[in-house]
file protein.cif (mmCIF, N, CA and C atoms)
data_protein
loop_
_atom_site.label_atom_id
_atom_site.label_comp_id
_atom_site.auth_asym_id
_atom_site.auth_seq_id
_atom_site.Cartn_x
_atom_site.Cartn_y
_atom_site.Cartn_z
N MET A 1 53.57 219.22 151.10
CA MET A 1 53.20 220.49 150.53
C MET A 1 52.29 220.26 149.32
N PHE A 2 51.43 221.22 149.08
CA PHE A 2 50.56 221.23 147.91
C PHE A 2 50.82 222.53 147.17
N TYR A 3 50.90 222.45 145.86
CA TYR A 3 51.28 223.59 145.05
C TYR A 3 50.14 224.04 144.14
N VAL A 4 49.91 225.34 144.12
CA VAL A 4 49.00 225.96 143.16
C VAL A 4 49.92 226.59 142.12
N TYR A 5 49.65 226.33 140.85
CA TYR A 5 50.59 226.78 139.83
C TYR A 5 49.88 227.40 138.63
N VAL A 6 50.65 228.21 137.90
CA VAL A 6 50.19 228.81 136.65
C VAL A 6 51.19 228.40 135.58
N LEU A 7 50.67 227.79 134.52
CA LEU A 7 51.50 227.39 133.39
C LEU A 7 51.22 228.32 132.21
N GLU A 8 52.21 228.44 131.35
CA GLU A 8 52.05 229.26 130.14
C GLU A 8 52.63 228.48 128.96
N ASN A 9 51.95 228.56 127.80
CA ASN A 9 52.48 227.92 126.60
C ASN A 9 53.03 228.98 125.65
N SER A 10 53.46 228.56 124.46
CA SER A 10 54.07 229.49 123.51
C SER A 10 53.08 230.48 122.92
N ASN A 11 51.78 230.19 123.02
CA ASN A 11 50.74 231.12 122.56
C ASN A 11 50.31 232.08 123.67
N TYR A 12 50.98 232.03 124.80
CA TYR A 12 50.70 232.84 125.99
C TYR A 12 49.34 232.50 126.60
N ASP A 13 48.87 231.26 126.38
CA ASP A 13 47.68 230.78 127.08
C ASP A 13 48.13 230.36 128.47
N HIS A 14 47.21 230.44 129.43
CA HIS A 14 47.54 230.07 130.81
C HIS A 14 46.66 228.95 131.29
N TYR A 15 47.23 228.14 132.17
CA TYR A 15 46.51 227.04 132.80
C TYR A 15 46.80 227.12 134.29
N ILE A 16 45.77 227.02 135.10
CA ILE A 16 45.90 227.09 136.56
C ILE A 16 45.51 225.74 137.14
N GLY A 17 46.32 225.23 138.05
CA GLY A 17 46.02 223.95 138.67
C GLY A 17 46.69 223.83 140.02
N TYR A 18 46.51 222.66 140.65
CA TYR A 18 47.21 222.39 141.91
C TYR A 18 47.66 220.94 141.92
N SER A 19 48.68 220.66 142.69
CA SER A 19 49.23 219.31 142.74
C SER A 19 50.09 219.14 143.98
N LYS A 20 50.24 217.89 144.37
CA LYS A 20 51.14 217.58 145.48
C LYS A 20 52.59 217.52 144.99
N ASP A 21 52.79 217.11 143.75
CA ASP A 21 54.12 217.00 143.16
C ASP A 21 54.17 217.86 141.90
N LEU A 22 54.66 219.06 142.04
CA LEU A 22 54.65 220.04 140.95
C LEU A 22 55.48 219.59 139.75
N ARG A 23 56.66 219.07 139.98
CA ARG A 23 57.52 218.64 138.87
C ARG A 23 56.88 217.50 138.08
N LYS A 24 56.33 216.54 138.79
CA LYS A 24 55.67 215.41 138.12
C LYS A 24 54.46 215.90 137.32
N ARG A 25 53.69 216.81 137.89
CA ARG A 25 52.50 217.32 137.22
C ARG A 25 52.86 218.11 135.97
N LEU A 26 53.90 218.92 136.02
CA LEU A 26 54.35 219.66 134.84
C LEU A 26 54.79 218.69 133.75
N SER A 27 55.48 217.65 134.13
CA SER A 27 55.90 216.62 133.17
C SER A 27 54.68 215.96 132.52
N GLU A 28 53.65 215.68 133.31
CA GLU A 28 52.42 215.08 132.77
C GLU A 28 51.76 216.02 131.75
N HIS A 29 51.73 217.31 132.06
CA HIS A 29 51.17 218.28 131.13
C HIS A 29 51.95 218.27 129.81
N ASN A 30 53.25 218.25 129.89
CA ASN A 30 54.08 218.32 128.69
C ASN A 30 54.14 217.02 127.90
N ARG A 31 53.81 215.89 128.53
CA ARG A 31 53.76 214.62 127.82
C ARG A 31 52.39 214.34 127.22
N GLY A 32 51.45 215.29 127.39
CA GLY A 32 50.13 215.13 126.80
C GLY A 32 49.20 214.24 127.58
N LEU A 33 49.47 214.03 128.86
CA LEU A 33 48.63 213.16 129.69
C LEU A 33 47.43 213.88 130.28
N THR A 34 47.33 215.19 130.06
CA THR A 34 46.21 215.98 130.55
C THR A 34 45.46 216.52 129.34
N LEU A 35 44.18 216.18 129.22
CA LEU A 35 43.40 216.56 128.04
C LEU A 35 43.37 218.06 127.80
N SER A 36 43.22 218.85 128.84
CA SER A 36 43.07 220.30 128.65
C SER A 36 44.36 220.99 128.22
N THR A 37 45.51 220.34 128.35
CA THR A 37 46.78 220.96 127.96
C THR A 37 47.51 220.13 126.91
N LYS A 38 46.84 219.16 126.34
CA LYS A 38 47.46 218.24 125.40
C LYS A 38 47.93 218.98 124.13
N GLY A 39 49.08 218.58 123.62
CA GLY A 39 49.59 219.11 122.37
C GLY A 39 50.36 220.40 122.48
N GLU A 40 50.61 220.87 123.67
CA GLU A 40 51.35 222.11 123.89
C GLU A 40 52.53 221.86 124.81
N VAL A 41 53.52 222.73 124.73
CA VAL A 41 54.64 222.71 125.67
C VAL A 41 54.36 223.81 126.69
N TRP A 42 54.36 223.45 127.95
CA TRP A 42 54.03 224.37 129.03
C TRP A 42 55.24 224.61 129.91
N ARG A 43 55.29 225.80 130.50
CA ARG A 43 56.31 226.08 131.51
C ARG A 43 55.64 226.78 132.68
N CYS A 44 56.18 226.52 133.84
CA CYS A 44 55.61 227.09 135.06
C CYS A 44 56.12 228.52 135.21
N ILE A 45 55.17 229.47 135.32
CA ILE A 45 55.57 230.87 135.49
C ILE A 45 55.27 231.38 136.89
N TYR A 46 54.52 230.60 137.68
CA TYR A 46 54.19 231.04 139.03
C TYR A 46 53.70 229.85 139.84
N TYR A 47 54.06 229.79 141.10
CA TYR A 47 53.47 228.79 142.00
C TYR A 47 53.48 229.29 143.42
N GLU A 48 52.59 228.73 144.21
CA GLU A 48 52.52 228.97 145.64
C GLU A 48 52.46 227.62 146.35
N ALA A 49 53.02 227.54 147.52
CA ALA A 49 53.01 226.31 148.29
C ALA A 49 52.07 226.46 149.48
N CYS A 50 51.30 225.40 149.75
CA CYS A 50 50.36 225.36 150.88
C CYS A 50 50.62 224.09 151.68
N LEU A 51 50.42 224.17 152.98
CA LEU A 51 50.58 223.00 153.82
C LEU A 51 49.38 222.07 153.76
N ASP A 52 48.22 222.62 153.45
CA ASP A 52 46.99 221.84 153.46
C ASP A 52 46.38 221.76 152.06
N GLU A 53 45.91 220.60 151.67
CA GLU A 53 45.33 220.41 150.34
C GLU A 53 44.11 221.29 150.12
N LEU A 54 43.26 221.43 151.12
CA LEU A 54 42.06 222.25 150.96
C LEU A 54 42.41 223.72 150.73
N ASP A 55 43.46 224.19 151.37
CA ASP A 55 43.91 225.57 151.13
C ASP A 55 44.37 225.74 149.68
N ALA A 56 45.09 224.75 149.17
CA ALA A 56 45.58 224.81 147.79
C ALA A 56 44.41 224.77 146.81
N ARG A 57 43.44 223.91 147.05
CA ARG A 57 42.27 223.83 146.17
C ARG A 57 41.46 225.12 146.20
N ARG A 58 41.33 225.71 147.37
CA ARG A 58 40.61 226.97 147.50
C ARG A 58 41.34 228.08 146.75
N ARG A 59 42.67 228.10 146.85
CA ARG A 59 43.46 229.12 146.17
C ARG A 59 43.37 228.95 144.64
N GLU A 60 43.42 227.71 144.18
CA GLU A 60 43.27 227.44 142.75
C GLU A 60 41.92 227.95 142.25
N LYS A 61 40.88 227.65 142.98
CA LYS A 61 39.53 228.10 142.61
C LYS A 61 39.46 229.62 142.57
N TYR A 62 40.11 230.28 143.52
CA TYR A 62 40.14 231.74 143.56
C TYR A 62 40.86 232.30 142.33
N PHE A 63 42.01 231.71 141.97
CA PHE A 63 42.77 232.20 140.81
C PHE A 63 41.97 232.09 139.52
N LYS A 64 41.00 231.22 139.48
CA LYS A 64 40.19 231.04 138.28
C LYS A 64 39.02 232.03 138.21
N THR A 65 38.86 232.86 139.24
CA THR A 65 37.82 233.89 139.21
C THR A 65 38.39 235.15 138.58
N THR A 66 37.52 236.08 138.24
CA THR A 66 37.96 237.35 137.67
C THR A 66 38.89 238.09 138.62
N GLN A 67 38.52 238.15 139.89
CA GLN A 67 39.34 238.83 140.88
C GLN A 67 40.70 238.14 141.04
N GLY A 68 40.69 236.82 141.03
CA GLY A 68 41.94 236.06 141.15
C GLY A 68 42.86 236.27 139.97
N ARG A 69 42.29 236.33 138.77
CA ARG A 69 43.11 236.59 137.58
C ARG A 69 43.73 237.99 137.63
N ARG A 70 42.97 238.94 138.16
CA ARG A 70 43.52 240.30 138.32
C ARG A 70 44.71 240.28 139.28
N LEU A 71 44.55 239.55 140.38
CA LEU A 71 45.65 239.44 141.34
C LEU A 71 46.89 238.84 140.68
N LEU A 72 46.71 237.78 139.91
CA LEU A 72 47.84 237.16 139.23
C LEU A 72 48.50 238.14 138.26
N LYS A 73 47.70 238.91 137.56
CA LYS A 73 48.27 239.90 136.64
C LYS A 73 49.10 240.93 137.38
N ARG A 74 48.64 241.33 138.57
CA ARG A 74 49.43 242.28 139.38
C ARG A 74 50.70 241.61 139.90
N ARG A 75 50.60 240.36 140.35
CA ARG A 75 51.77 239.64 140.87
C ARG A 75 52.82 239.41 139.79
N LEU A 76 52.36 239.20 138.56
CA LEU A 76 53.26 238.87 137.45
C LEU A 76 53.46 240.06 136.51
N LYS A 77 53.20 241.24 136.99
CA LYS A 77 53.20 242.44 136.16
C LYS A 77 54.49 242.62 135.37
N GLU A 78 55.62 242.56 136.02
CA GLU A 78 56.90 242.77 135.33
C GLU A 78 57.17 241.67 134.31
N TYR A 79 56.90 240.42 134.68
CA TYR A 79 57.11 239.31 133.75
C TYR A 79 56.24 239.48 132.51
N LEU A 80 54.96 239.78 132.70
CA LEU A 80 54.04 239.93 131.57
C LEU A 80 54.42 241.12 130.70
N TYR A 81 54.87 242.20 131.34
CA TYR A 81 55.29 243.40 130.59
C TYR A 81 56.53 243.10 129.74
N LYS A 82 57.52 242.46 130.34
CA LYS A 82 58.76 242.16 129.62
C LYS A 82 58.51 241.16 128.49
N ARG A 83 57.63 240.21 128.73
CA ARG A 83 57.30 239.21 127.71
C ARG A 83 56.64 239.88 126.51
N ARG A 84 55.74 240.82 126.78
CA ARG A 84 55.02 241.52 125.71
C ARG A 84 55.97 242.43 124.92
N ALA A 85 56.94 243.04 125.61
CA ALA A 85 57.86 243.98 124.97
C ALA A 85 58.87 243.27 124.06
N SER A 86 59.15 242.03 124.34
CA SER A 86 60.18 241.33 123.54
C SER A 86 59.64 240.69 122.29
#

call {"tool": "encode", "arguments": {"input": "protein.cif", "output": "structure tokens"}}
result
Amino acid sequence: MFYVYVLENSNYDHYIGYSKDLRKRLSEHNRGLTLSTKGEVWRCIYYEACLDELDARRREKYFKTTQGRRLLKRRLKEYLYKRRAS
């Protein structure tokens, strides 16, 4: 399986990526092994599983577009609303 994921840090910044091993990749992000997420603590707030790597890469690329970000906001609507309210 290949996973497309969305991470969030304490500043509510988001990072979108894909990986074959989601747990290992999240650990790498939190240990500072990834330059773009270094120095922050991240948690996974959303993921999708794909059987094919190209499908996962295509989905990741889509999530990084304006339309893809809108879709994620709709998918995570309740989570984002509750987070903002607290």

call {"tool": "atom_distance", "arguments": {"input": "protein.cif", "atom1": "atom CA of A:Leu51", "atom2": "atom CA of A:Tyr3"}}
result
8.8 Å

call {"tool": "closest_residue", "arguments": {"input": "protein.cif", "among": "A:Phe2, A:Asp13, A:Glu78, A:Glu8", "to": "A:Trp42", "atoms": "only N, CA and C atoms"}}
result
A:Glu8

call {"tool": "closest_residue", "arguments": {"input": "protein.cif", "among": "A:Val4, A:Leu26, A:Leu76, A:Leu71", "to": "A:Asp55", "atoms": "only N, CA and C atoms"}}
result
A:Val4

call {"tool": "residues_near_point", "arguments": {"input": "protein.cif", "point": "(55.2, 216.4, 145.3)", "cutoff": "12 Å", "atoms": "only C-alpha atoms", "output": "list in words"}}
result
Met1, Phe2, Tyr3, Val4, Tyr18, Ser19, Lys20, Asp21, Leu22, Arg23, Lys24, Arg25, Leu26, Ala49, Cys50, Leu51 and Glu53 of chain A

call {"tool": "write_last_selection", "arguments": {"input": "protein.cif", "atoms": "N, CA and C atoms", "output": "PDB file, in the coordinates of the input"}}
result
ATOM      1  N   MET A   1      53.570 219.220 151.100  1.00  0.00           N
ATOM      2  CA  MET A   1      53.200 220.490 150.530  1.00  0.00           C
ATOM      3  C   MET A   1      52.290 220.260 149.320  1.00  0.00           C
ATOM      4  N   PHE A   2      51.430 221.220 149.080  1.00  0.00           N
ATOM      5  CA  PHE A   2      50.560 221.230 147.910  1.00  0.00           C
ATOM      6  C   PHE A   2      50.820 222.530 147.170  1.00  0.00           C
ATOM      7  N   TYR A   3      50.900 222.450 145.860  1.00  0.00           N
ATOM      8  CA  TYR A   3      51.280 223.590 145.050  1.00  0.00           C
ATOM      9  C   TYR A   3      50.140 224.040 144.140  1.00  0.00           C
ATOM     10  N   VAL A   4      49.910 225.340 144.120  1.00  0.00           N
ATOM     11  CA  VAL A   4      49.000 225.960 143.160  1.00  0.00           C
ATOM     12  C   VAL A   4      49.920 226.590 142.120  1.00  0.00           C
ATOM     13  N   TYR A  18      46.510 222.660 140.650  1.00  0.00           N
ATOM     14  CA  TYR A  18      47.210 222.390 141.910  1.00  0.00           C
ATOM     15  C   TYR A  18      47.660 220.940 141.920  1.00  0.00           C
ATOM     16  N   SER A  19      48.680 220.660 142.690  1.00  0.00           N
ATOM     17  CA  SER A  19      49.230 219.310 142.740  1.00  0.00           C
ATOM     18  C   SER A  19      50.090 219.140 143.980  1.00  0.00           C
ATOM     19  N   LYS A  20      50.240 217.890 144.370  1.00  0.00           N
ATOM     20  CA  LYS A  20      51.140 217.580 145.480  1.00  0.00           C
ATOM     21  C   LYS A  20      52.590 217.520 144.990  1.00  0.00           C
ATOM     22  N   ASP A  21      52.790 217.110 143.750  1.00  0.00           N
ATOM     23  CA  ASP A  21      54.120 217.000 143.160  1.00  0.00           C
ATOM     24  C   ASP A  21      54.170 217.860 141.900  1.00  0.00           C
ATOM     25  N   LEU A  22      54.660 219.060 142.040  1.00  0.00           N
ATOM     26  CA  LEU A  22      54.650 220.040 140.950  1.00  0.00           C
ATOM     27  C   LEU A  22      55.480 219.590 139.750  1.00  0.00           C
ATOM     28  N   ARG A  23      56.660 219.070 139.980  1.00  0.00           N
ATOM     29  CA  ARG A  23      57.520 218.640 138.870  1.00  0.00           C
ATOM     30  C   ARG A  23      56.880 217.500 138.080  1.00  0.00           C
ATOM     31  N   LYS A  24      56.330 216.540 138.790  1.00  0.00           N
ATOM     32  CA  LYS A  24      55.670 215.410 138.120  1.00  0.00           C
ATOM     33  C   LYS A  24      54.460 215.900 137.320  1.00  0.00           C
ATOM     34  N   ARG A  25      53.690 216.810 137.890  1.00  0.00           N
ATOM     35  CA  ARG A  25      52.500 217.320 137.220  1.00  0.00           C
ATOM     36  C   ARG A  25      52.860 218.110 135.970  1.00  0.00           C
ATOM     37  N   LEU A  26      53.900 218.920 136.020  1.00  0.00           N
ATOM     38  CA  LEU A  26      54.350 219.660 134.840  1.00  0.00           C
ATOM     39  C   LEU A  26      54.790 218.690 133.750  1.00  0.00           C
ATOM     40  N   ALA A  49      53.020 227.540 147.520  1.00  0.00           N
ATOM     41  CA  ALA A  49      53.010 226.310 148.290  1.00  0.00           C
ATOM     42  C   ALA A  49      52.070 226.460 149.480  1.00  0.00           C
ATOM     43  N   CYS A  50      51.300 225.400 149.750  1.00  0.00           N
ATOM     44  CA  CYS A  50      50.360 225.360 150.880  1.00  0.00           C
ATOM     45  C   CYS A  50      50.620 224.090 151.680  1.00  0.00           C
ATOM     46  N   LEU A  51      50.420 224.170 152.980  1.00  0.00           N
ATOM     47  CA  LEU A  51      50.580 223.000 153.820  1.00  0.00           C
ATOM     48  C   LEU A  51      49.380 222.070 153.760  1.00  0.00           C
ATOM     49  N   GLU A  53      45.910 220.600 151.670  1.00  0.00           N
ATOM     50  CA  GLU A  53      45.330 220.410 150.340  1.00  0.00           C
ATOM     51  C   GLU A  53      44.110 221.290 150.120  1.00  0.00           C
TER      52      GLU A  53
END

call {"tool": "resolve_selection", "arguments": {"input": "protein.cif", "expression": "the PyMOL selection byres (((chain A and resi 59-62 and name CA) around 8) and name CA)", "output": "list in words"}}
result
Val4, Tyr5, Ile16, Gly17, Tyr18, Asp55, Ala56, Arg57, Arg58, Phe63, Lys64, Thr65, Gln67 and Gly68 of chain A

call {"tool": "select_by_dssp", "arguments": {"input": "protein.cif", "residues": "chain A", "states": "strand (DSSP E or B)", "output": "ChimeraX atom specification"}}
result
/A:2-8,14-19,43-50

call {"tool": "closest_residue", "arguments": {"input": "protein.cif", "among": "A:Leu7, A:Tyr15, A:Lys73, A:Ala85", "to": "A:Tyr46", "atoms": "all atoms listed in the file"}}
result
A:Leu7

call {"tool": "atom_distance", "arguments": {"input": "protein.cif", "atom1": "atom N of A:Thr66", "atom2": "atom N of A:Gly39"}}
result
25.6 Å

call {"tool": "resolve_selection", "arguments": {"input": "protein.cif", "expression": "the PyMOL selection byres (((chain A and resi 30 and name CA) around 7) and name CA)", "output": "ChimeraX atom specification"}}
result
/A:26-29,31-32,40-42

call {"tool": "write_last_selection", "arguments": {"input": "protein.cif", "atoms": "N, CA and C atoms", "output": "tab-separated table (two decimals), in the coordinates of the input"}}
result
chain	number	residue	atom	x	y	z
A	26	LEU	N	53.90	218.92	136.02
A	26	LEU	CA	54.35	219.66	134.84
A	26	LEU	C	54.79	218.69	133.75
A	27	SER	N	55.48	217.65	134.13
A	27	SER	CA	55.90	216.62	133.17
A	27	SER	C	54.68	215.96	132.52
A	28	GLU	N	53.65	215.68	133.31
A	28	GLU	CA	52.42	215.08	132.77
A	28	GLU	C	51.76	216.02	131.75
A	29	HIS	N	51.73	217.31	132.06
A	29	HIS	CA	51.17	218.28	131.13
A	29	HIS	C	51.95	218.27	129.81
A	31	ARG	N	53.81	215.89	128.53
A	31	ARG	CA	53.76	214.62	127.82
A	31	ARG	C	52.39	214.34	127.22
A	32	GLY	N	51.45	215.29	127.39
A	32	GLY	CA	50.13	215.13	126.80
A	32	GLY	C	49.20	214.24	127.58
A	40	GLU	N	50.61	220.87	123.67
A	40	GLU	CA	51.35	222.11	123.89
A	40	GLU	C	52.53	221.86	124.81
A	41	VAL	N	53.52	222.73	124.73
A	41	VAL	CA	54.64	222.71	125.67
A	41	VAL	C	54.36	223.81	126.69
A	42	TRP	N	54.36	223.45	127.95
A	42	TRP	CA	54.03	224.37	129.03
A	42	TRP	C	55.24	224.61	129.91

call {"tool": "atom_distance", "arguments": {"input": "protein.cif", "atom1": "atom CA of A:Thr37", "atom2": "atom C of A:His14"}}
result
8.7 Å

call {"tool": "select_by_dssp", "arguments": {"input": "protein.cif", "residues": "chain A", "states": "alpha helix (DSSP H)", "output": "PyMOL selection string"}}
result
chain A and resi 22-30+53-63+66-75+77-85

call {"tool": "closest_residue", "arguments": {"input": "protein.cif", "among": "A:Glu48, A:Arg69, A:Arg43, A:Arg84", "to": "A:Ser10", "atoms": "all atoms listed in the file"}}
result
A:Arg43

call {"tool": "decode", "arguments": {"input": "protein.cif", "residues": "stretch 4-21 of chain A", "atoms": "N, CA and C atoms", "output": "PDB file, in the first residue's frame"}}
result
ATOM      1  N   VAL A   4      -1.208   8.533   1.047  1.00  0.00           N
ATOM      2  CA  VAL A   4      -1.177   9.979   0.876  1.00  0.00           C
ATOM      3  C   VAL A   4      -1.655  10.530   2.211  1.00  0.00           C
ATOM      4  N   TYR A   5      -0.916  11.487   2.767  1.00  0.00           N
ATOM      5  CA  TYR A   5      -1.244  11.931   4.116  1.00  0.00           C
ATOM      6  C   TYR A   5      -1.185  13.445   4.246  1.00  0.00           C
ATOM      7  N   VAL A   6      -1.888  13.935   5.275  1.00  0.00           N
ATOM      8  CA  VAL A   6      -1.863  15.350   5.635  1.00  0.00           C
ATOM      9  C   VAL A   6      -1.423  15.422   7.088  1.00  0.00           C
ATOM     10  N   LEU A   7      -0.366  16.189   7.327  1.00  0.00           N
ATOM     11  CA  LEU A   7       0.131  16.399   8.676  1.00  0.00           C
ATOM     12  C   LEU A   7      -0.213  17.813   9.135  1.00  0.00           C
ATOM     13  N   GLU A   8      -0.320  17.974  10.437  1.00  0.00           N
ATOM     14  CA  GLU A   8      -0.593  19.292  11.004  1.00  0.00           C
ATOM     15  C   GLU A   8       0.333  19.501  12.193  1.00  0.00           C
ATOM     16  N   ASN A   9       0.851  20.733  12.348  1.00  0.00           N
ATOM     17  CA  ASN A   9       1.677  21.042  13.512  1.00  0.00           C
ATOM     18  C   ASN A   9       0.901  21.919  14.483  1.00  0.00           C
ATOM     19  N   SER A  10       1.552  22.366  15.554  1.00  0.00           N
ATOM     20  CA  SER A  10       0.870  23.148  16.587  1.00  0.00           C
ATOM     21  C   SER A  10       0.463  24.538  16.106  1.00  0.00           C
ATOM     22  N   ASN A  11       1.065  25.019  15.020  1.00  0.00           N
ATOM     23  CA  ASN A  11       0.692  26.313  14.431  1.00  0.00           C
ATOM     24  C   ASN A  11      -0.419  26.157  13.393  1.00  0.00           C
ATOM     25  N   TYR A  12      -0.948  24.962  13.259  1.00  0.00           N
ATOM     26  CA  TYR A  12      -1.993  24.611  12.293  1.00  0.00           C
ATOM     27  C   TYR A  12      -1.508  24.725  10.846  1.00  0.00           C
ATOM     28  N   ASP A  13      -0.189  24.587  10.645  1.00  0.00           N
ATOM     29  CA  ASP A  13       0.348  24.484   9.290  1.00  0.00           C
ATOM     30  C   ASP A  13       0.121  23.051   8.831  1.00  0.00           C
ATOM     31  N   HIS A  14      -0.012  22.873   7.517  1.00  0.00           N
ATOM     32  CA  HIS A  14      -0.245  21.542   6.969  1.00  0.00           C
ATOM     33  C   HIS A  14       0.854  21.146   6.010  1.00  0.00           C
ATOM     34  N   TYR A  15       1.116  19.852   5.961  1.00  0.00           N
ATOM     35  CA  TYR A  15       2.087  19.281   5.048  1.00  0.00           C
ATOM     36  C   TYR A  15       1.428  18.091   4.382  1.00  0.00           C
ATOM     37  N   ILE A  16       1.547  17.994   3.076  1.00  0.00           N
ATOM     38  CA  ILE A  16       0.950  16.896   2.306  1.00  0.00           C
ATOM     39  C   ILE A  16       2.069  16.081   1.689  1.00  0.00           C
ATOM     40  N   GLY A  17       1.980  14.772   1.809  1.00  0.00           N
ATOM     41  CA  GLY A  17       3.004  13.908   1.242  1.00  0.00           C
ATOM     42  C   GLY A  17       2.458  12.521   0.973  1.00  0.00           C
ATOM     43  N   TYR A  18       3.344  11.643   0.493  1.00  0.00           N
ATOM     44  CA  TYR A  18       2.956  10.241   0.303  1.00  0.00           C
ATOM     45  C   TYR A  18       4.119   9.350   0.699  1.00  0.00           C
ATOM     46  N   SER A  19       3.820   8.131   1.074  1.00  0.00           N
ATOM     47  CA  SER A  19       4.851   7.207   1.526  1.00  0.00           C
ATOM     48  C   SER A  19       4.334   5.776   1.470  1.00  0.00           C
ATOM     49  N   LYS A  20       5.268   4.857   1.400  1.00  0.00           N
ATOM     50  CA  LYS A  20       4.910   3.443   1.464  1.00  0.00           C
ATOM     51  C   LYS A  20       4.713   3.013   2.924  1.00  0.00           C
ATOM     52  N   ASP A  21       5.443   3.633   3.836  1.00  0.00           N
ATOM     53  CA  ASP A  21       5.359   3.307   5.263  1.00  0.00           C
ATOM     54  C   ASP A  21       5.001   4.573   6.027  1.00  0.00           C
TER      55      ASP A  21
END
